[in-house]
file final10.cif (mmCIF, C-alpha atoms and all ligand atoms)
data_input
#
loop_
_atom_site.group_PDB
_atom_site.id
_atom_site.type_symbol
_atom_site.label_atom_id
_atom_site.label_comp_id
_atom_site.auth_asym_id
_atom_site.auth_seq_id
_atom_site.Cartn_x
_atom_site.Cartn_y
_atom_site.Cartn_z
ATOM 1 C CA MET F 1 42.537 299.874 57.301
ATOM 2 C CA ARG F 2 43.753 297.962 60.329
ATOM 3 C CA GLN F 3 45.849 294.824 59.905
ATOM 4 C CA THR F 4 43.463 292.788 62.015
ATOM 5 C CA ASP F 5 40.221 293.585 60.247
ATOM 6 C CA ASN F 6 39.350 290.029 59.216
ATOM 7 C CA ILE F 7 38.368 287.781 62.111
ATOM 8 C CA LEU F 8 39.092 284.625 60.106
ATOM 9 C CA ASP F 9 42.626 285.797 59.303
ATOM 10 C CA ARG F 10 43.171 286.576 62.956
ATOM 11 C CA ILE F 11 41.962 283.136 64.019
ATOM 12 C CA ALA F 12 44.288 281.530 61.483
ATOM 13 C CA LYS F 13 47.194 283.607 62.734
ATOM 14 C CA GLN F 14 46.829 283.213 66.474
ATOM 15 C CA GLU F 15 44.989 279.861 66.809
ATOM 16 C CA ILE F 16 42.292 281.048 69.233
ATOM 17 C CA VAL F 17 40.505 284.391 69.597
ATOM 18 C CA LEU F 18 38.824 285.490 72.824
ATOM 19 C CA GLY F 19 35.397 287.066 72.464
ATOM 20 C CA ASP F 20 33.263 288.818 75.045
ATOM 21 C CA GLY F 21 30.357 287.844 77.259
ATOM 22 C CA GLY F 22 26.598 288.223 77.383
ATOM 23 C CA TYR F 23 25.095 291.697 77.341
ATOM 24 C CA LEU F 24 21.325 291.532 77.771
ATOM 25 C CA LEU F 25 21.149 289.434 80.941
ATOM 26 C CA GLU F 26 24.017 291.347 82.529
ATOM 27 C CA LEU F 27 22.415 294.706 81.754
ATOM 28 C CA GLU F 28 19.072 293.351 83.008
ATOM 29 C CA ARG F 29 20.791 292.394 86.247
ATOM 30 C CA ARG F 30 22.154 295.931 86.493
ATOM 31 C CA GLY F 31 18.698 297.416 85.992
ATOM 32 C CA TRP F 32 19.015 298.765 82.447
ATOM 33 C CA VAL F 33 17.212 296.115 80.360
ATOM 34 C CA ASP F 34 13.617 294.892 80.696
ATOM 35 C CA SER F 35 13.254 291.107 80.951
ATOM 36 C CA GLY F 36 9.542 291.350 80.162
ATOM 37 C CA SER F 37 8.717 289.001 83.046
ATOM 38 C CA GLY F 38 6.459 291.589 84.662
ATOM 39 C CA ARG F 39 3.988 291.298 81.805
ATOM 40 C CA GLU F 40 4.219 287.761 80.443
ATOM 41 C CA LYS F 41 5.718 284.333 80.903
ATOM 42 C CA VAL F 42 9.255 284.477 79.551
ATOM 43 C CA GLY F 43 11.060 281.379 78.324
ATOM 44 C CA THR F 44 8.129 279.489 76.846
ATOM 45 C CA GLY F 45 9.938 279.011 73.570
ATOM 46 C CA LYS F 46 7.117 280.742 71.726
ATOM 47 C CA GLY F 47 8.941 283.985 71.269
ATOM 48 C CA SER F 48 7.560 285.749 74.284
ATOM 49 C CA GLY F 49 9.630 288.018 76.466
ATOM 50 C CA GLN F 50 11.331 291.298 75.865
ATOM 51 C CA PHE F 51 15.142 291.449 76.410
ATOM 52 C CA THR F 52 15.474 293.981 73.580
ATOM 53 C CA PRO F 53 18.526 296.243 73.066
ATOM 54 C CA GLU F 54 17.061 299.765 73.374
ATOM 55 C CA VAL F 55 19.589 300.397 76.158
ATOM 56 C CA ALA F 56 21.892 301.489 73.304
ATOM 57 C CA ILE F 57 19.872 304.689 72.932
ATOM 58 C CA GLU F 58 18.256 304.984 76.364
ATOM 59 C CA HIS F 59 21.259 304.323 78.619
ATOM 60 C CA PRO F 60 24.333 304.363 76.368
ATOM 61 C CA ASP F 61 26.723 304.881 79.272
ATOM 62 C CA ALA F 62 25.647 301.588 80.837
ATOM 63 C CA LEU F 63 26.352 299.753 77.584
ATOM 64 C CA ARG F 64 29.646 301.582 77.075
ATOM 65 C CA GLU F 65 30.790 300.596 80.555
ATOM 66 C CA LEU F 66 30.067 296.906 79.986
ATOM 67 C CA HIS F 67 32.030 296.997 76.713
ATOM 68 C CA ARG F 68 34.942 298.613 78.596
ATOM 69 C CA GLU F 69 34.842 295.879 81.218
ATOM 70 C CA PHE F 70 35.019 293.122 78.589
ATOM 71 C CA LEU F 71 37.851 294.866 76.751
ATOM 72 C CA ASN F 72 39.751 295.281 79.999
ATOM 73 C CA ALA F 73 39.228 291.589 80.758
ATOM 74 C CA GLY F 74 40.925 290.566 77.512
ATOM 75 C CA SER F 75 38.168 290.434 74.882
ATOM 76 C CA GLU F 76 39.562 290.742 71.365
ATOM 77 C CA VAL F 77 36.080 291.125 69.916
ATOM 78 C CA LEU F 78 33.255 293.362 71.120
ATOM 79 C CA GLN F 79 29.777 292.458 69.957
ATOM 80 C CA ALA F 80 27.534 295.408 69.251
ATOM 81 C CA LEU F 81 24.363 294.968 71.316
ATOM 82 C CA THR F 82 22.079 294.360 68.362
ATOM 83 C CA PHE F 83 20.669 291.041 69.573
ATOM 84 C CA PHE F 84 16.865 290.942 69.066
ATOM 85 C CA GLY F 85 17.347 294.117 67.023
ATOM 86 C CA THR F 86 15.098 293.296 64.069
ATOM 87 C CA ARG F 87 12.198 295.691 63.465
ATOM 88 C CA GLU F 88 9.437 293.218 64.311
ATOM 89 C CA LYS F 89 10.932 292.170 67.672
ATOM 90 C CA LEU F 90 11.649 295.788 68.570
ATOM 91 C CA SER F 91 8.081 296.694 67.567
ATOM 92 C CA ARG F 92 6.679 294.137 70.010
ATOM 93 C CA ALA F 93 8.632 295.938 72.725
ATOM 94 C CA GLY F 94 7.483 299.357 71.525
ATOM 95 C CA TYR F 95 10.727 300.374 69.806
ATOM 96 C CA GLY F 96 10.119 299.502 66.151
ATOM 97 C CA GLY F 97 10.379 303.158 65.123
ATOM 98 C CA GLN F 98 13.872 303.288 66.616
ATOM 99 C CA THR F 99 15.236 300.265 64.727
ATOM 100 C CA GLU F 100 17.789 302.289 62.756
ATOM 101 C CA ALA F 101 18.790 304.385 65.767
ATOM 102 C CA ILE F 102 19.260 301.387 68.070
ATOM 103 C CA ASN F 103 21.341 299.337 65.623
ATOM 104 C CA THR F 104 23.458 302.306 64.579
ATOM 105 C CA ALA F 105 24.066 303.505 68.137
ATOM 106 C CA ALA F 106 24.998 300.012 69.320
ATOM 107 C CA VAL F 107 27.702 299.689 66.657
ATOM 108 C CA ARG F 108 28.992 303.211 67.278
ATOM 109 C CA ILE F 109 29.310 302.601 71.034
ATOM 110 C CA ALA F 110 31.107 299.289 70.546
ATOM 111 C CA ARG F 111 33.480 300.932 68.043
ATOM 112 C CA GLU F 112 34.225 303.847 70.371
ATOM 113 C CA VAL F 113 35.324 301.432 73.082
ATOM 114 C CA ALA F 114 37.077 298.982 70.777
ATOM 115 C CA GLY F 115 39.261 301.578 69.080
ATOM 116 C CA ASN F 116 42.146 299.658 67.538
ATOM 117 C CA SER F 117 42.185 297.137 70.389
ATOM 118 C CA ALA F 118 39.283 294.881 69.381
ATOM 119 C CA LEU F 119 37.171 293.925 66.397
ATOM 120 C CA VAL F 120 33.499 294.893 66.369
ATOM 121 C CA ALA F 121 30.925 292.250 65.482
ATOM 122 C CA GLY F 122 27.325 292.892 64.564
ATOM 123 C CA SER F 123 25.074 290.429 66.377
ATOM 124 C CA VAL F 124 22.102 289.001 64.508
ATOM 125 C CA SER F 125 19.779 286.598 66.291
ATOM 126 C CA ARG F 126 16.632 284.626 65.543
ATOM 127 C CA THR F 127 13.586 286.787 64.953
ATOM 128 C CA GLN F 128 11.344 284.487 67.075
ATOM 129 C CA LEU F 129 8.954 284.285 64.104
ATOM 130 C CA PHE F 130 9.800 280.657 63.355
ATOM 131 C CA GLU F 131 8.839 279.823 66.944
ATOM 132 C CA ARG F 132 5.659 281.898 66.754
ATOM 133 C CA GLU F 133 4.435 281.253 63.203
ATOM 134 C CA GLY F 134 6.392 278.309 61.809
ATOM 135 C CA PRO F 135 8.124 278.009 58.427
ATOM 136 C CA SER F 136 5.512 280.209 56.715
ATOM 137 C CA ALA F 137 7.331 283.143 58.330
ATOM 138 C CA ALA F 138 10.389 282.587 56.124
ATOM 139 C CA GLY F 139 9.720 285.460 53.726
ATOM 140 C CA HIS F 140 9.069 287.948 56.519
ATOM 141 C CA VAL F 141 12.158 286.698 58.363
ATOM 142 C CA ARG F 142 14.274 287.252 55.253
ATOM 143 C CA ASP F 143 13.044 290.858 54.943
ATOM 144 C CA LEU F 144 13.682 291.601 58.633
ATOM 145 C CA ILE F 145 17.182 290.136 58.718
ATOM 146 C CA THR F 146 18.076 291.748 55.402
ATOM 147 C CA GLU F 147 17.163 295.123 56.865
ATOM 148 C CA GLN F 148 19.148 294.607 60.069
ATOM 149 C CA ILE F 149 22.248 293.347 58.279
ATOM 150 C CA ARG F 150 22.137 296.353 55.974
ATOM 151 C CA LEU F 151 22.064 298.640 59.032
ATOM 152 C CA LEU F 152 25.003 296.802 60.598
ATOM 153 C CA ALA F 153 27.043 296.840 57.394
ATOM 154 C CA ASP F 154 26.310 300.546 56.893
ATOM 155 C CA ALA F 155 27.502 301.164 60.466
ATOM 156 C CA GLU F 156 30.748 299.380 59.485
ATOM 157 C CA VAL F 157 30.969 296.345 61.709
ATOM 158 C CA ASP F 158 34.073 294.196 61.063
ATOM 159 C CA PHE F 159 32.120 290.943 60.831
ATOM 160 C CA LEU F 160 28.803 289.339 61.694
ATOM 161 C CA ILE F 161 27.952 286.858 64.448
ATOM 162 C CA LEU F 162 24.705 285.065 63.631
ATOM 163 C CA GLU F 163 23.742 283.513 66.955
ATOM 164 C CA THR F 164 21.071 281.910 69.094
ATOM 165 C CA PHE F 165 19.117 280.462 66.182
ATOM 166 C CA PHE F 166 16.919 277.518 67.226
ATOM 167 C CA HIS F 167 15.841 276.595 63.676
ATOM 168 C CA LEU F 168 18.478 275.694 61.084
ATOM 169 C CA GLU F 169 16.144 276.912 58.348
ATOM 170 C CA GLU F 170 16.126 280.410 59.849
ATOM 171 C CA MET F 171 19.913 280.331 60.302
ATOM 172 C CA LEU F 172 20.402 279.453 56.647
ATOM 173 C CA ILE F 173 18.233 282.434 55.665
ATOM 174 C CA ALA F 174 20.387 284.665 57.866
ATOM 175 C CA ILE F 175 23.605 283.339 56.289
ATOM 176 C CA GLU F 176 22.184 284.038 52.841
ATOM 177 C CA CYS F 177 21.295 287.587 53.886
ATOM 178 C CA ALA F 178 24.767 288.054 55.390
ATOM 179 C CA ARG F 179 26.501 286.868 52.240
ATOM 180 C CA VAL F 180 25.116 289.870 50.374
ATOM 181 C CA THR F 181 27.721 291.833 52.342
ATOM 182 C CA SER F 182 31.336 290.759 52.019
ATOM 183 C CA LEU F 183 31.678 290.542 55.806
ATOM 184 C CA PRO F 184 33.063 287.382 57.438
ATOM 185 C CA ILE F 185 30.330 285.274 59.038
ATOM 186 C CA VAL F 186 30.503 283.404 62.359
ATOM 187 C CA ALA F 187 27.352 281.298 62.752
ATOM 188 C CA THR F 188 26.350 279.576 65.995
ATOM 189 C CA MET F 189 23.240 277.511 66.597
ATOM 190 C CA THR F 190 21.551 277.114 69.973
ATOM 191 C CA PHE F 191 20.201 273.759 71.094
ATOM 192 C CA ARG F 192 17.004 273.783 73.168
ATOM 193 C CA PRO F 193 15.450 271.771 74.656
ATOM 194 C CA LYS F 194 17.554 268.868 73.318
ATOM 195 C CA LEU F 195 21.318 268.751 72.944
ATOM 196 C CA ASN F 196 21.284 266.364 69.986
ATOM 197 C CA GLU F 197 18.955 268.262 67.667
ATOM 198 C CA CYS F 198 17.854 271.818 66.982
ATOM 199 C CA SER F 199 14.209 272.899 66.876
ATOM 200 C CA ASP F 200 13.708 271.729 63.300
ATOM 201 C CA GLY F 201 15.308 268.375 63.981
ATOM 202 C CA HIS F 202 18.896 268.635 62.709
ATOM 203 C CA SER F 203 21.874 267.241 64.604
ATOM 204 C CA PRO F 204 24.815 269.470 65.557
ATOM 205 C CA ALA F 205 26.885 267.790 62.821
ATOM 206 C CA ASP F 206 24.214 268.412 60.186
ATOM 207 C CA CYS F 207 23.868 272.032 61.325
ATOM 208 C CA ALA F 208 27.624 272.560 61.049
ATOM 209 C CA ARG F 209 27.748 271.027 57.587
ATOM 210 C CA ALA F 210 24.794 273.104 56.365
ATOM 211 C CA MET F 211 26.103 276.378 57.812
ATOM 212 C CA VAL F 212 29.490 275.888 56.173
ATOM 213 C CA GLY F 213 27.790 274.932 52.922
ATOM 214 C CA ALA F 214 25.751 278.132 53.052
ATOM 215 C CA GLY F 215 28.858 280.265 53.468
ATOM 216 C CA ALA F 216 29.699 280.658 57.173
ATOM 217 C CA GLY F 217 33.423 281.077 57.811
ATOM 218 C CA ALA F 218 33.244 279.705 61.352
ATOM 219 C CA VAL F 219 30.467 277.697 63.009
ATOM 220 C CA GLY F 220 29.571 276.517 66.471
ATOM 221 C CA ALA F 221 27.132 276.842 69.348
ATOM 222 C CA ASN F 222 26.155 279.523 71.836
ATOM 223 C CA CYS F 223 23.866 280.064 74.836
ATOM 224 C CA GLU F 224 21.564 277.777 76.882
ATOM 225 C CA GLN F 225 24.203 275.368 78.269
ATOM 226 C CA GLU F 226 27.166 275.686 80.576
ATOM 227 C CA PRO F 227 30.575 274.869 79.033
ATOM 228 C CA GLU F 228 30.788 271.199 80.023
ATOM 229 C CA ARG F 229 27.334 270.408 78.687
ATOM 230 C CA MET F 230 27.988 272.265 75.431
ATOM 231 C CA LEU F 231 31.072 270.146 74.710
ATOM 232 C CA ALA F 232 29.112 267.300 73.136
ATOM 233 C CA ILE F 233 27.713 269.720 70.548
ATOM 234 C CA ILE F 234 31.100 271.286 69.890
ATOM 235 C CA ARG F 235 32.815 267.922 69.462
ATOM 236 C CA ALA F 236 30.196 266.739 66.975
ATOM 237 C CA MET F 237 30.688 269.891 64.909
ATOM 238 C CA ARG F 238 34.495 269.671 65.186
ATOM 239 C CA ARG F 239 34.452 266.146 63.783
ATOM 240 C CA THR F 240 32.292 267.201 60.838
ATOM 241 C CA VAL F 241 33.735 270.413 59.403
ATOM 242 C CA SER F 242 37.187 271.914 58.962
ATOM 243 C CA VAL F 243 36.373 275.618 59.454
ATOM 244 C CA PRO F 244 37.091 277.264 62.849
ATOM 245 C CA ILE F 245 34.706 276.282 65.643
ATOM 246 C CA ALA F 246 33.113 278.921 67.881
ATOM 247 C CA ALA F 247 31.832 278.253 71.401
ATOM 248 C CA GLN F 248 29.970 280.774 73.530
ATOM 249 C CA PRO F 249 28.478 278.883 76.473
ATOM 250 C CA ALA F 250 26.153 280.312 79.112
ATOM 251 C CA ALA F 251 27.223 280.614 82.752
ATOM 252 C CA PHE F 252 24.251 278.853 84.319
ATOM 253 C CA ARG F 253 23.981 275.331 85.696
ATOM 254 C CA THR F 254 21.506 273.203 83.774
ATOM 255 C CA SER F 255 20.406 269.600 84.360
ATOM 256 C CA ASP F 256 20.246 266.353 82.400
ATOM 257 C CA ALA F 257 16.452 266.677 82.387
ATOM 258 C CA THR F 258 16.528 270.340 81.286
ATOM 259 C CA PRO F 259 19.808 271.090 79.501
ATOM 260 C CA CYS F 260 18.858 274.712 78.703
ATOM 261 C CA PHE F 261 18.615 277.509 81.243
ATOM 262 C CA THR F 262 15.712 279.385 79.662
ATOM 263 C CA ARG F 263 13.460 276.379 80.360
ATOM 264 C CA LEU F 264 14.428 276.252 84.035
ATOM 265 C CA PRO F 265 12.000 277.812 86.555
ATOM 266 C CA GLN F 266 14.758 280.215 87.661
ATOM 267 C CA PHE F 267 14.643 282.061 84.305
ATOM 268 C CA PRO F 268 14.593 285.020 84.223
ATOM 269 C CA ASP F 269 14.133 286.321 87.755
ATOM 270 C CA GLU F 270 16.086 283.899 89.936
ATOM 271 C CA MET F 271 19.232 283.324 87.934
ATOM 272 C CA GLU F 272 21.513 283.996 90.888
ATOM 273 C CA GLY F 273 20.628 280.556 92.234
ATOM 274 C CA ILE F 274 22.063 278.691 89.227
ATOM 275 C CA GLN F 275 25.044 280.917 88.446
ATOM 276 C CA LEU F 276 28.125 278.860 87.613
ATOM 277 C CA PRO F 277 31.435 279.640 89.341
ATOM 278 C CA ARG F 278 34.130 281.306 87.244
ATOM 279 C CA SER F 279 36.463 278.369 87.803
ATOM 280 C CA ALA F 280 34.321 276.344 85.382
ATOM 281 C CA PHE F 281 35.106 278.883 82.664
ATOM 282 C CA GLU F 282 38.801 278.845 83.511
ATOM 283 C CA ARG F 283 38.923 275.044 83.247
ATOM 284 C CA PHE F 284 37.002 275.103 79.971
ATOM 285 C CA ALA F 285 39.375 277.664 78.437
ATOM 286 C CA ALA F 286 42.376 275.565 79.450
ATOM 287 C CA ARG F 287 41.143 272.731 77.264
ATOM 288 C CA ALA F 288 39.533 274.832 74.507
ATOM 289 C CA LYS F 289 42.488 274.533 72.112
ATOM 290 C CA SER F 290 42.678 270.774 72.505
ATOM 291 C CA GLU F 291 38.927 270.598 71.752
ATOM 292 C CA GLY F 292 39.546 272.489 68.523
ATOM 293 C CA ILE F 293 37.737 275.665 69.607
ATOM 294 C CA GLN F 294 39.148 278.714 67.833
ATOM 295 C CA PHE F 295 36.667 281.401 68.837
ATOM 296 C CA LEU F 296 35.858 281.364 72.540
ATOM 297 C CA GLY F 297 33.385 283.698 74.187
ATOM 298 C CA GLY F 298 30.625 283.653 76.760
ATOM 299 C CA CYS F 299 26.897 284.104 76.437
ATOM 300 C CA CYS F 300 24.193 284.735 79.025
ATOM 301 C CA GLY F 301 25.436 285.036 82.607
ATOM 302 C CA CYS F 302 29.010 285.692 81.518
ATOM 303 C CA ASN F 303 30.290 289.084 82.649
ATOM 304 C CA ALA F 304 33.837 290.455 82.773
ATOM 305 C CA PRO F 305 35.154 288.242 85.607
ATOM 306 C CA TYR F 306 34.254 285.214 83.470
ATOM 307 C CA ILE F 307 36.251 286.639 80.556
ATOM 308 C CA HIS F 308 39.131 287.173 82.974
ATOM 309 C CA ALA F 309 38.758 283.485 83.884
ATOM 310 C CA PHE F 310 38.847 282.544 80.199
ATOM 311 C CA SER F 311 42.032 284.610 79.807
ATOM 312 C CA ARG F 312 43.667 282.789 82.714
ATOM 313 C CA GLY F 313 42.592 279.423 81.370
ATOM 314 C CA LEU F 314 43.939 280.117 77.896
ATOM 315 C CA ALA F 315 47.268 281.159 79.413
ATOM 316 C CA ALA F 316 47.562 278.092 81.623
ATOM 317 C CA PRO F 317 48.710 274.713 80.344
ATOM 318 C CA LEU F 318 46.071 272.027 80.715
ATOM 319 C CA GLU F 319 48.209 269.863 83.032
ATOM 320 C CA SER F 320 48.338 272.563 85.665
ATOM 321 C CA GLN F 321 44.545 272.775 85.894
ATOM 322 C CA ALA F 322 42.787 270.898 88.666
ATOM 323 C CA GLN F 323 40.392 268.530 86.928
HETATM 324 ZN ZN ZN W 1 22.789 283.628 75.754
#

call {"tool": "encode", "arguments": {"input": "final10.cif", "output": "structure tokens"}}
result
Amino acid sequence: MRQTDNILDRIAKQEIVLGDGGYLLELERRGWVDSGSGREKVGTGKGSGQFTPEVAIEHPDALRELHREFLNAGSEVLQALTFFGTREKLSRAGYGGQTEAINTAAVRIAREVAGNSALVAGSVSRTQLFEREGPSAAGHVRDLITEQIRLLADAEVDFLILETFFHLEEMLIAIECARVTSLPIVATMTFRPKLNECSDGHSPADCARAMVGAGAGAVGANCEQEPERMLAIIRAMRRTVSVPIAAQPAAFRTSDATPCFTRLPQFPDEMEGIQLPRSAFERFAARAKSEGIQFLGGCCGCNAPYIHAFSRGLAAPLESQAQ
């Protein structure tokens, strides 16, 4: 077994760990993932849209290449592309019968690239059933996430990242499912359309407290906002809990009126117009340690040059950064 197998030990040892970026939007931009926008309105918040991870079995070389780019840019963690990889979501995209194959292939590809140079995380996201059906979906959600986590554990991921959950209730189900394994759990909520509460009305501080209480080893936020706008969420969590804080911001410019990119009219087909410059990521990384962030990665819109920018920012003292 490798010395570095536990992400929480590594965070404790080296203060901050650099993750990777966003896979689905980048692979969509490269032509390998279907956004679903040709068939339906994406970004309604009702669980429409495709953005499913079948690229792991249909175009594995494209996925492998993106992993290689992140590793080369300095990522110490590679996330297997298993986002939206529960059987029900894959079924809506026509891939339900390949649920095992997609999850298993995604972990295998990430592991091949990671070798002994990076940890491999299994990514588990919201099912979209809470958005579509409400809390009555809880039992079905539990079954779906239980199945996916079993596939990821069987494929031997090093830890789990539970991410992009809009409802705290669904996140807490996912943490419970994850605890059945002995894998370390990083849990990050996503705040849309408000910054100060999640979809079922809990503040960032309350989310952090509840996720830690349920058994997450690190907590934080990911997706929807650019780094500067995500800071308010991160600071509220940092003040509330003592476990490591994870931040994986998006690389798109949002507004005070709409602080979440998937509700902007540019999503998903005109994202180039709101792409954030890499310098914003470099500046954010330079202050990440002083903000108490201990797991830093990127989400949607963040490709390898943004991870390079994070690397530069982490290496540079804050004083030398132009503010
Ligand atoms: Zn994202």

call {"tool": "residues_near_ligand", "arguments": {"input": "final10.cif", "ligand": "ligand ZN 1 (chain W)", "cutoff": "10 Å", "atoms": "only C-alpha atoms and all ligand atoms", "output": "number ranges by chain"}}
result
F: 21-25, 83, 163-164, 190, 222-225, 248-252, 261-262, 298-302

call {"tool": "atom_distance", "arguments": {"input": "final10.cif", "atom1": "atom CA of F:Asp200", "atom2": "atom CA of F:Leu172"}}
result
12.2 Å

call {"tool": "closest_atom_pairs", "arguments": {"input": "final10.cif", "of": "stretch 72-131 of chain F", "to": "stretch 35-49 of chain F", "cutoff": "9 Å", "atoms": "all atoms listed in the file", "output": "JSON lines"}}
result
{"residue": "F:Ala93", "atom": "CA", "partner": "F:Gly36", "partner_atom": "CA", "distance": 8.8}
{"residue": "F:Thr127", "atom": "CA", "partner": "F:Gly47", "partner_atom": "CA", "distance": 8.3}
{"residue": "F:Gln128", "atom": "CA", "partner": "F:Gly47", "partner_atom": "CA", "distance": 4.9}
{"residue": "F:Leu129", "atom": "CA", "partner": "F:Gly47", "partner_atom": "CA", "distance": 7.2}
{"residue": "F:Phe130", "atom": "CA", "partner": "F:Gly47", "partner_atom": "CA", "distance": 8.6}
{"residue": "F:Glu131", "atom": "CA", "partner": "F:Lys46", "partner_atom": "CA", "distance": 5.2}

call {"tool": "write_last_selection", "arguments": {"input": "final10.cif", "atoms": "C-alpha atoms", "output": "short mmCIF file (atom, residue, chain, number, x, y, z; two decimals), in the frame of the given file"}}
result
data_model
loop_
_atom_site.label_atom_id
_atom_site.label_comp_id
_atom_site.auth_asym_id
_atom_site.auth_seq_id
_atom_site.Cartn_x
_atom_site.Cartn_y
_atom_site.Cartn_z
CA ALA F 93 8.63 295.94 72.72
CA THR F 127 13.59 286.79 64.95
CA GLN F 128 11.34 284.49 67.08
CA LEU F 129 8.95 284.29 64.10
CA PHE F 130 9.80 280.66 63.36
CA GLU F 131 8.84 279.82 66.94
#

call {"tool": "residues_around", "arguments": {"input": "final10.cif", "residues": "stretch 145-152 of chain F", "least_positions_apart": "5", "cutoff": "9 Å", "atoms": "all atoms listed in the file", "output": "list in words"}}
result
Thr82, Gly85, Thr86, Arg87, Thr99, Glu100, Asn103, Thr104, Val107, Ala121, Gly122, Ser123, Val124, Ser125, Arg126, Thr127, His140, Val157, Leu160, Ile173, Ala174, Cys177, Ala178, Val180 and Thr181 of chain F

call {"tool": "residues_around", "arguments": {"input": "final10.cif", "residues": "F:Arg235", "least_positions_apart": "3", "cutoff": "10 Å", "atoms": "only C-alpha atoms", "output": "list in words"}}
result
Pro204, Ala205, Gly220, Met230, Leu231, Ala232, Arg238, Arg239, Thr240, Ile245, Glu291, Gly292 and Ile293 of chain F

call {"tool": "atom_distance", "arguments": {"input": "final10.cif", "atom1": "atom CA of F:Arg209", "atom2": "atom CA of F:Leu162"}}
result
15.6 Å

call {"tool": "resolve_selection", "arguments": {"input": "final10.cif", "expression": "the PyMOL selection byres (((chain F and resi 168) around 10) and not hetatm)", "output": "short mmCIF file (atom, residue, chain, number, x, y, z; two decimals) with C-alpha atoms, keeping the file's coordinate frame"}}
result
data_model
loop_
_atom_site.label_atom_id
_atom_site.label_comp_id
_atom_site.auth_asym_id
_atom_site.auth_seq_id
_atom_site.Cartn_x
_atom_site.Cartn_y
_atom_site.Cartn_z
CA PHE F 165 19.12 280.46 66.18
CA PHE F 166 16.92 277.52 67.23
CA HIS F 167 15.84 276.60 63.68
CA GLU F 169 16.14 276.91 58.35
CA GLU F 170 16.13 280.41 59.85
CA MET F 171 19.91 280.33 60.30
CA LEU F 172 20.40 279.45 56.65
CA ILE F 173 18.23 282.43 55.66
CA ALA F 174 20.39 284.67 57.87
CA MET F 189 23.24 277.51 66.60
CA THR F 190 21.55 277.11 69.97
CA GLU F 197 18.95 268.26 67.67
CA CYS F 198 17.85 271.82 66.98
CA SER F 199 14.21 272.90 66.88
CA ASP F 200 13.71 271.73 63.30
CA GLY F 201 15.31 268.38 63.98
CA HIS F 202 18.90 268.64 62.71
CA SER F 203 21.87 267.24 64.60
CA PRO F 204 24.82 269.47 65.56
CA ASP F 206 24.21 268.41 60.19
CA CYS F 207 23.87 272.03 61.32
CA ALA F 208 27.62 272.56 61.05
CA ALA F 210 24.79 273.10 56.36
CA MET F 211 26.10 276.38 57.81
#

call {"tool": "atom_distance", "arguments": {"input": "final10.cif", "atom1": "atom CA of F:Glu270", "atom2": "atom CA of F:Gly297"}}
result
23.4 Å

call {"tool": "resolve_selection", "arguments": {"input": "final10.cif", "expression": "the PyMOL selection byres (((chain F and resi 94) around 12) and not hetatm)", "output": "list in words"}}
result
Asp34, Gly36, Gln50, Thr52, Pro53, Glu54, Arg87, Glu88, Lys89, Leu90, Ser91, Arg92, Ala93, Tyr95, Gly96, Gly97, Gln98 and Thr99 of chain F

call {"tool": "resolve_selection", "arguments": {"input": "final10.cif", "expression": "the PyMOL selection byres (((chain F and resi 283) around 10) and not hetatm)", "output": "list in words"}}
result
Pro227, Glu228, Arg278, Ser279, Ala280, Phe281, Glu282, Phe284, Ala285, Ala286, Arg287, Ala288, Ala309, Phe310, Arg312, Gly313, Leu314, Ala316, Leu318, Gln321, Ala322 and Gln323 of chain F
